[in-house]
Amino acid sequence: MSQDDSAARVAHWSKTRNLMIIVMIIWFIFSFVVHWFAKDLNGSSFLGFPLGNYMAAQGSLAIFVVLIAVSNWRQNQIDKEFGFDEE
Amino acid sequence: MKGGFIENLPRIYGLYTGGFIVFILIMALFEQMGMSAETIGILFVAFTVVIYAAIGWLSRTMQVDAYYVAGREVPPVFNGMATAADWMSGASFVALAGGVYFGGHGYLAFVVGWTGGYVLVASLMAPYLRKFGCYTVPDFIGTRYGGNLARLCAVVVLVVASFTYVTAQINATGTIASRALQIPFEVGVWFGLLGILLCSMLGGMRAVTWTQVAQYIVLIIAYLAPVIWMSNKQGFGIIPHFSYGEAVLKIAELEVTHGVGTPATESVAGVRVLTTLHNAPGTGLSSWKFVTLAFCMMAGTASLPHILMRYFTTATVKAARNSVGWSLFFIFLLYFTAPALATLTKLQVMDPSLPTGIIGKAFADVAALDWIQKWSSVGMLAIRDSNADGILQINEFFMRPDIVVLATPEIAGLPYVVSGLVAAGGMAAAMSTADGLLLAIANALSHDLYYKIIDPKADTKTRLIVARILLILIGAAGAAVASLKLTGILGAVAWAFCFAASGLFFPLVLGVWWKRANRAGAIAGMVGGFAAGTAYLVYLRTGGDPWIGIDHLRFAIIGMPVSLVLMVAASLMTEEPSKEIQKMVDDTRVPRGKEILSADH
């Protein structure tokens with residue numbers, strides 16, 4: 001790759017990094033924060049489940065699946081934007 | 001058939017799935033015609049293992065890139081299935097639901113941890129490692145940081161973590177094979193190993209990939225079928241996952257009626273009574289224990305080489321990224337079913353208004369049940385009328401957690417063909433993980449230790465022969481250790497995650513995300529983290545008290561911070577990496593362009 005794409009590389013990486021940080025924040029919330037308060041969440045109910053139980057048994061898992069799908073889609077957009085995607 | 005193998009994959013595996021369903025139906029028919037439960041069990045396990053071995057034989061190869069990375073042509077969906085099988089071990093299949101059954105909310109930390117880790121894999125690791133073009137995980141460490149010492153450290157961590165894990169898997173194949181085929185455990189272990197080697201030896205990663213896809217299909221059918229069937233019988237609909245909340249609430253009521261939490265008044269070796277409430281998360285220390293366990297499992301997921309190397313097999317970086325998404329989806333199908341299975345089975349046993357309920361029923365009637373007698377006779381279950389009132393109380397029903405999944409079809413009164421199916425599923429889960437792990441170890445030793453460090457001039461044929469000899473030796477060592485039955489399945493699995501996370505997580509992540517990371521830092525991080533974690537584990541196992549609830553399942557909580565601090569400190573105290581290495585990192589971050597390592601490296 002030529003030298004003059006270095007500006008594009010910096011911009012591409014900065015967007016990639018920001019996406020990673022956003023993903024990590026969402027990941028942190030649904031991995032740890034939600035489960036730290038499971039007892040309080042059990043006071044509410046969702047689909048007939050106590051919410052704390054639901055999040056640990058299904059909710060967080062489903063959010064992880066969607067999170068990866070969305071962040072992959074966004075990352076592909078970023079790669080395309082700078083012409084760094086694979087043909 | 002038109003087109004190549006890859007184009008025809010959906011059709012091939014579609015036919016395979018159809019064939020497997022026909023096989024199940026034939027077995028069901030045989031059962032109606034009076035075939036014995038034992039014969040059905042034997043046919044299920046034998047038939048599936050023969051199919052995997054046949055796939056292994058058909059995938060044999062003498063090409064380096066086919067052997068190490070399946071020729072880098074595996075489509076994302078199929079790589080997702082293979083990864084899911086690679087990932088879901090005997091522990092996930094057999095022990096997870098049983099763990100939730102006995103451990104309640106605290107145990108769900110495994111479910112959260114073993115799925116959330118894939119977010120780390122997708123965001124931080126897989127696409128970049130794929131772009132790197134490495135054959136093994138130490139290959140990345142060795143090239144990114146340079147030097148044989150860094151490579152060697154990575155090999156050591158990999159071998160320790162994977163070997164700990166693989167003994168547990170061979171143990172599980174032995175347990176299932178011995179039960180289904182009615183042979184002694186020690187013989188079962190070697191039978192299991194033979195099946196595992198047949199799947200991996202001739203074709204390396206290529207053979208493992210295509211058998212793992214086949215194994216995923218068997219294991220997911222085997223896991224979902226009983227739950228769906230049982231749910232229908234209980235009136236929770238075809239897909240219980242969205243409607244079993246009621247069962248959770250009902251169990252909470254029954255726990256009060258039955259007095260769950262009352263300890264047993266006598267003890268029976270190897271089995272235990274249910275004392276933990278199903279849905280009772282605590283605060284403070286118990287929240288801390290939940291999140292630390294989830295964290296260790298997640299970081300371990302993102303550091304275990306047998307998982308990471310699966311993403312080296314896709315054609316492109318984008319495909320690697322997408323295949324992480326598919327992996328998690330296929331894993332999710334099983335993991336969000338496990339708590340449903342645990343809940344429904346518990347309700348079956350506890351609800352006196354159901355015909356299957358046993359708690360609160362007359363002791364003599366329960367003792368006469370087939371499944372109670374069958375599992376009691378092998379010491380996996382026991383009932384004792386401790387207070388001699390002629391009624392079975394909750395603290396008089398003893399069970400081994402591992403059997404919840406295997407016994408569920410019988411508890412729910414499903415036909416034996418379902419039990420045979422479940423045994424085949426458990427076998428598939430344990431074999432596929434053992435395959436991936438053995439290959440990860442043998443590849444690291446043959447590629448990184450032998451070819452890169454000991455004899456860089458070795459030709460292709462020698463390399464691949466060495467790889468196969470190592471595979472057999474390591475498999476035999478694993479089987480020998482497994483037949484000693486040193487640790488429980490689950491303990492060994494959690495240790496593997498903690499070893500990998502302590503030694504490899506930060507060197508891998510910072511290798512991509514921090515250009516300043518250098519060789520001294522990586523070596524300090526690997527050695528320091530691994531040593532600190534191991535030292536803490538030894539401290540615990542020699543009678544030390546856990547600090548703030550950090551027990552032997554969570555020792556990466558000690559190892560990882562040490563690894564991070566040492567890696568950053570040592571990197572900053574030494575020179576920054578050379579221009580070439582920095583350029584290499586830049587290239588790793590961009591999907592387009594050539595791989596860093598050439599195919600014949």
# chains A, B, ... in the order shown; residues from 1 in each chain; ligands from 1
>>> closest_atom_pairs(of="chain A", to="chain B", cutoff="9 Å", atoms="only C-alpha atoms", output="tab-separated table")
residue	atom	partner	partner_atom	distance
A:Met1	CA	B:Gly593	CA	7.4
A:Arg9	CA	B:Val590	CA	7.8
A:His12	CA	B:Val590	CA	8.4
A:Trp13	CA	B:Arg589	CA	7.3
A:Arg17	CA	B:Trp513	CA	8.7
A:Leu19	CA	B:Ser123	CA	8.8
A:Met20	CA	B:Ser123	CA	6.1
A:Val23	CA	B:Ser123	CA	7.7
A:Met24	CA	B:Leu120	CA	8.0
A:Trp27	CA	B:Val119	CA	7.2
A:Phe30	CA	B:Gly116	CA	8.6
A:Ser31	CA	B:Gly116	CA	6.7
A:Phe32	CA	B:Val291	CA	5.5
A:Val33	CA	B:Val291	CA	8.4
A:His35	CA	B:Ser287	CA	7.1
A:Trp36	CA	B:Ser287	CA	4.9
A:Phe37	CA	B:Thr283	CA	7.3
A:Ala38	CA	B:Pro281	CA	6.1
A:Lys39	CA	B:Pro281	CA	5.3
A:Asp40	CA	B:Thr283	CA	9.0
A:Asn42	CA	B:Pro281	CA	8.6
A:Phe46	CA	B:Gly245	CA	8.5
A:Leu47	CA	B:Phe242	CA	6.9
A:Gly48	CA	B:Gly245	CA	4.9
A:Phe49	CA	B:Gly245	CA	4.0
A:Pro50	CA	B:Gly245	CA	7.3
A:Gly52	CA	B:Pro281	CA	8.0
A:Asn53	CA	B:Asn279	CA	6.5
A:Tyr54	CA	B:Gly245	CA	8.1
A:Ala56	CA	B:Leu108	CA	6.0
A:Ala57	CA	B:Pro339	CA	6.1
A:Gln58	CA	B:Phe336	CA	5.5
A:Ser60	CA	B:Val112	CA	6.8
A:Leu61	CA	B:Thr115	CA	6.2
A:Ala62	CA	B:Phe332	CA	7.5
A:Phe64	CA	B:Gly116	CA	6.1
A:Val65	CA	B:Phe329	CA	6.0
A:Val66	CA	B:Gly325	CA	8.5
A:Leu67	CA	B:Val119	CA	7.6
A:Ile68	CA	B:Gly325	CA	5.7
A:Ala69	CA	B:Gly325	CA	5.9
A:Ser71	CA	B:Ser123	CA	8.0
A:Asn72	CA	B:Arg321	CA	6.6
A:Trp73	CA	B:Asn322	CA	8.8
A:Asn76	CA	B:Lys318	CA	7.3
A:Asp79	CA	B:Pro591	CA	7.5
A:Gly83	CA	B:Arg592	CA	8.1
A:Phe84	CA	B:Arg592	CA	5.0
A:Asp85	CA	B:Arg592	CA	5.3
A:Glu86	CA	B:Arg592	CA	4.8
A:Glu87	CA	B:Arg592	CA	7.8
>>> residues_around(residues="Tyr451 in chain B", least_positions_apart="4", cutoff="10 Å", atoms="only C-alpha atoms", output="VMD selection string")
chain B and resid 444 to 447 455 to 460 462 to 463 466 to 467 601
>>> write_last_selection(atoms="C-alpha atoms", output="PDB file, in the first residue's frame")
ATOM      1  CA  ALA B 444       1.552 -25.257  18.227  1.00  0.00           C
ATOM      2  CA  LEU B 445       4.169 -27.895  18.978  1.00  0.00           C
ATOM      3  CA  SER B 446       4.714 -28.927  15.365  1.00  0.00           C
ATOM      4  CA  HIS B 447       4.556 -25.489  13.739  1.00  0.00           C
ATOM      5  CA  ASP B 455      14.213 -27.173  12.551  1.00  0.00           C
ATOM      6  CA  PRO B 456      13.239 -24.290  10.221  1.00  0.00           C
ATOM      7  CA  LYS B 457      14.550 -26.234   7.219  1.00  0.00           C
ATOM      8  CA  ALA B 458      12.143 -29.158   7.617  1.00  0.00           C
ATOM      9  CA  ASP B 459      10.228 -29.961   4.435  1.00  0.00           C
ATOM     10  CA  THR B 460       6.452 -30.112   4.182  1.00  0.00           C
ATOM     11  CA  THR B 462       8.349 -33.999   7.620  1.00  0.00           C
ATOM     12  CA  ARG B 463       6.348 -31.148   9.189  1.00  0.00           C
ATOM     13  CA  VAL B 466       5.698 -34.612  12.997  1.00  0.00           C
ATOM     14  CA  ALA B 467       2.333 -32.890  13.485  1.00  0.00           C
ATOM     15  CA  HIS B 601       5.687 -19.326   6.201  1.00  0.00           C
TER      16      HIS B 601
END
>>> select_by_dssp(residues="chain A", states="helix (DSSP H, G or I)", output="PyMOL selection string")
chain A and resi 3-36+38-41+51-81
>>> atom_distance(atom1="CA of Met573 in chain B", atom2="CA of Asn518 in chain B")
10.1 Å
>>> select_by_dssp(residues="range 334-447 of chain B", states="strand (DSSP E)", output="count of residues only")
6
>>> residues_around(residues="range 251-258 of chain B", least_positions_apart="2", cutoff="12 Å", atoms="only C-alpha atoms", output="PyMOL selection string")
(chain A and resi 49-50) or (chain B and resi 101+104+244-249+260-262+274-280+342-353+357-361+391-397)
>>> atom_distance(atom1="CA of Gln373 in chain B", atom2="CA of Gly426 in chain B")
22.5 Å
>>> residues_around(residues="Met230 in chain B", least_positions_apart="4", cutoff="9 Å", atoms="only C-alpha atoms", output="PyMOL selection string")
chain B and resi 225-226+234-236+341+344-345+408-409+412-414
>>> residues_around(residues="range 15-25 of chain B", least_positions_apart="2", cutoff="10 Å", atoms="only C-alpha atoms", output="PyMOL selection string")
chain B and resi 9-13+27-31+40+43-44+47-48+51+214+217-218+221+417-418+420-421
>>> closest_residue(among="A:Ala8, A:Ile25, A:Ile63, A:Val34", to="Phe82 in chain A", atoms="only C-alpha atoms")
A:Ala8
>>> decode(residues="range 299-401 of chain B", atoms="C-alpha atoms", output="mmCIF file, in the first residue's frame")
data_model
loop_
_atom_site.group_PDB
_atom_site.id
_atom_site.type_symbol
_atom_site.label_atom_id
_atom_site.label_comp_id
_atom_site.auth_asym_id
_atom_site.auth_seq_id
_atom_site.Cartn_x
_atom_site.Cartn_y
_atom_site.Cartn_z
ATOM 1 C CA ALA B 299 -11.533 -13.259 28.850
ATOM 2 C CA GLY B 300 -10.733 -16.965 28.611
ATOM 3 C CA THR B 301 -13.006 -17.323 25.587
ATOM 4 C CA ALA B 302 -11.086 -14.595 23.836
ATOM 5 C CA SER B 303 -7.734 -16.203 24.671
ATOM 6 C CA LEU B 304 -8.288 -19.902 24.076
ATOM 7 C CA PRO B 305 -6.269 -20.864 20.997
ATOM 8 C CA HIS B 306 -8.564 -23.658 19.832
ATOM 9 C CA ILE B 307 -11.319 -21.058 19.363
ATOM 10 C CA LEU B 308 -9.177 -18.286 17.900
ATOM 11 C CA MET B 309 -7.604 -20.627 15.344
ATOM 12 C CA ARG B 310 -11.034 -21.422 13.903
ATOM 13 C CA TYR B 311 -11.137 -17.854 12.565
ATOM 14 C CA PHE B 312 -7.927 -18.445 10.615
ATOM 15 C CA THR B 313 -9.881 -20.737 8.281
ATOM 16 C CA THR B 314 -12.152 -18.199 6.569
ATOM 17 C CA ALA B 315 -11.409 -16.750 3.154
ATOM 18 C CA THR B 316 -11.415 -13.071 4.156
ATOM 19 C CA VAL B 317 -11.251 -10.738 7.157
ATOM 20 C CA LYS B 318 -14.878 -9.794 6.689
ATOM 21 C CA ALA B 319 -15.811 -13.477 6.640
ATOM 22 C CA ALA B 320 -13.858 -14.041 9.868
ATOM 23 C CA ARG B 321 -15.778 -11.233 11.544
ATOM 24 C CA ASN B 322 -19.129 -12.486 10.298
ATOM 25 C CA SER B 323 -18.349 -16.020 11.303
ATOM 26 C CA VAL B 324 -17.853 -14.868 14.915
ATOM 27 C CA GLY B 325 -21.439 -13.605 14.759
ATOM 28 C CA TRP B 326 -22.635 -16.938 13.384
ATOM 29 C CA SER B 327 -20.663 -18.815 16.031
ATOM 30 C CA LEU B 328 -22.357 -16.925 18.813
ATOM 31 C CA PHE B 329 -25.754 -17.433 17.221
ATOM 32 C CA PHE B 330 -25.285 -21.201 17.045
ATOM 33 C CA ILE B 331 -23.930 -21.271 20.603
ATOM 34 C CA PHE B 332 -26.815 -19.103 21.771
ATOM 35 C CA LEU B 333 -29.290 -21.738 20.532
ATOM 36 C CA LEU B 334 -27.930 -24.193 23.088
ATOM 37 C CA TYR B 335 -27.117 -21.772 25.898
ATOM 38 C CA PHE B 336 -30.491 -20.145 26.095
ATOM 39 C CA THR B 337 -32.032 -23.616 26.093
ATOM 40 C CA ALA B 338 -29.954 -24.903 29.034
ATOM 41 C CA PRO B 339 -31.698 -22.778 31.702
ATOM 42 C CA ALA B 340 -35.052 -23.723 30.159
ATOM 43 C CA LEU B 341 -34.123 -27.396 30.411
ATOM 44 C CA ALA B 342 -33.001 -26.998 34.039
ATOM 45 C CA THR B 343 -36.202 -25.175 34.952
ATOM 46 C CA LEU B 344 -38.594 -27.560 33.218
ATOM 47 C CA THR B 345 -36.850 -30.636 34.600
ATOM 48 C CA LYS B 346 -36.946 -29.202 38.091
ATOM 49 C CA LEU B 347 -40.647 -28.523 37.731
ATOM 50 C CA GLN B 348 -41.205 -32.091 36.490
ATOM 51 C CA VAL B 349 -39.605 -33.428 39.636
ATOM 52 C CA MET B 350 -41.019 -30.946 42.130
ATOM 53 C CA ASP B 351 -44.594 -30.357 41.042
ATOM 54 C CA PRO B 352 -46.809 -32.942 42.790
ATOM 55 C CA SER B 353 -49.687 -32.104 40.439
ATOM 56 C CA LEU B 354 -47.690 -33.441 37.460
ATOM 57 C CA PRO B 355 -47.666 -37.214 36.910
ATOM 58 C CA THR B 356 -43.838 -37.059 36.851
ATOM 59 C CA GLY B 357 -43.574 -35.243 40.210
ATOM 60 C CA ILE B 358 -41.804 -37.262 42.897
ATOM 61 C CA ILE B 359 -41.226 -34.833 45.773
ATOM 62 C CA GLY B 360 -44.058 -35.176 48.292
ATOM 63 C CA LYS B 361 -45.155 -38.535 46.856
ATOM 64 C CA ALA B 362 -45.193 -41.868 48.657
ATOM 65 C CA PHE B 363 -41.639 -43.169 49.081
ATOM 66 C CA ALA B 364 -42.487 -46.697 47.987
ATOM 67 C CA ASP B 365 -44.080 -45.494 44.717
ATOM 68 C CA VAL B 366 -41.067 -43.359 43.830
ATOM 69 C CA ALA B 367 -38.656 -46.181 44.641
ATOM 70 C CA ALA B 368 -40.528 -48.358 42.153
ATOM 71 C CA LEU B 369 -39.989 -45.935 39.217
ATOM 72 C CA ASP B 370 -37.802 -47.274 36.409
ATOM 73 C CA TRP B 371 -35.518 -44.274 36.040
ATOM 74 C CA ILE B 372 -34.976 -44.009 39.795
ATOM 75 C CA GLN B 373 -33.904 -47.653 39.913
ATOM 76 C CA LYS B 374 -31.734 -47.433 36.823
ATOM 77 C CA TRP B 375 -29.741 -44.370 37.899
ATOM 78 C CA SER B 376 -29.573 -45.545 41.548
ATOM 79 C CA SER B 377 -27.995 -48.798 40.456
ATOM 80 C CA VAL B 378 -25.016 -46.899 38.984
ATOM 81 C CA GLY B 379 -24.666 -44.618 41.993
ATOM 82 C CA MET B 380 -25.751 -41.459 40.169
ATOM 83 C CA LEU B 381 -28.899 -40.988 42.208
ATOM 84 C CA ALA B 382 -30.236 -42.035 45.593
ATOM 85 C CA ILE B 383 -33.405 -41.715 47.647
ATOM 86 C CA ARG B 384 -33.442 -42.153 51.420
ATOM 87 C CA ASP B 385 -36.454 -41.919 53.667
ATOM 88 C CA SER B 386 -34.392 -40.144 56.320
ATOM 89 C CA ASN B 387 -37.275 -39.174 58.604
ATOM 90 C CA ALA B 388 -39.129 -42.463 57.977
ATOM 91 C CA ASP B 389 -42.479 -40.789 57.248
ATOM 92 C CA GLY B 390 -43.073 -42.775 54.063
ATOM 93 C CA ILE B 391 -42.999 -39.576 51.944
ATOM 94 C CA LEU B 392 -40.083 -38.423 49.748
ATOM 95 C CA GLN B 393 -38.924 -34.951 50.873
ATOM 96 C CA ILE B 394 -36.718 -32.605 48.858
ATOM 97 C CA ASN B 395 -33.779 -33.274 51.190
ATOM 98 C CA GLU B 396 -34.167 -37.005 50.700
ATOM 99 C CA PHE B 397 -33.672 -36.926 46.923
ATOM 100 C CA PHE B 398 -29.970 -37.146 46.022
ATOM 101 C CA MET B 399 -28.634 -36.701 42.503
ATOM 102 C CA ARG B 400 -25.376 -36.095 40.651
ATOM 103 C CA PRO B 401 -25.639 -32.715 38.837
#
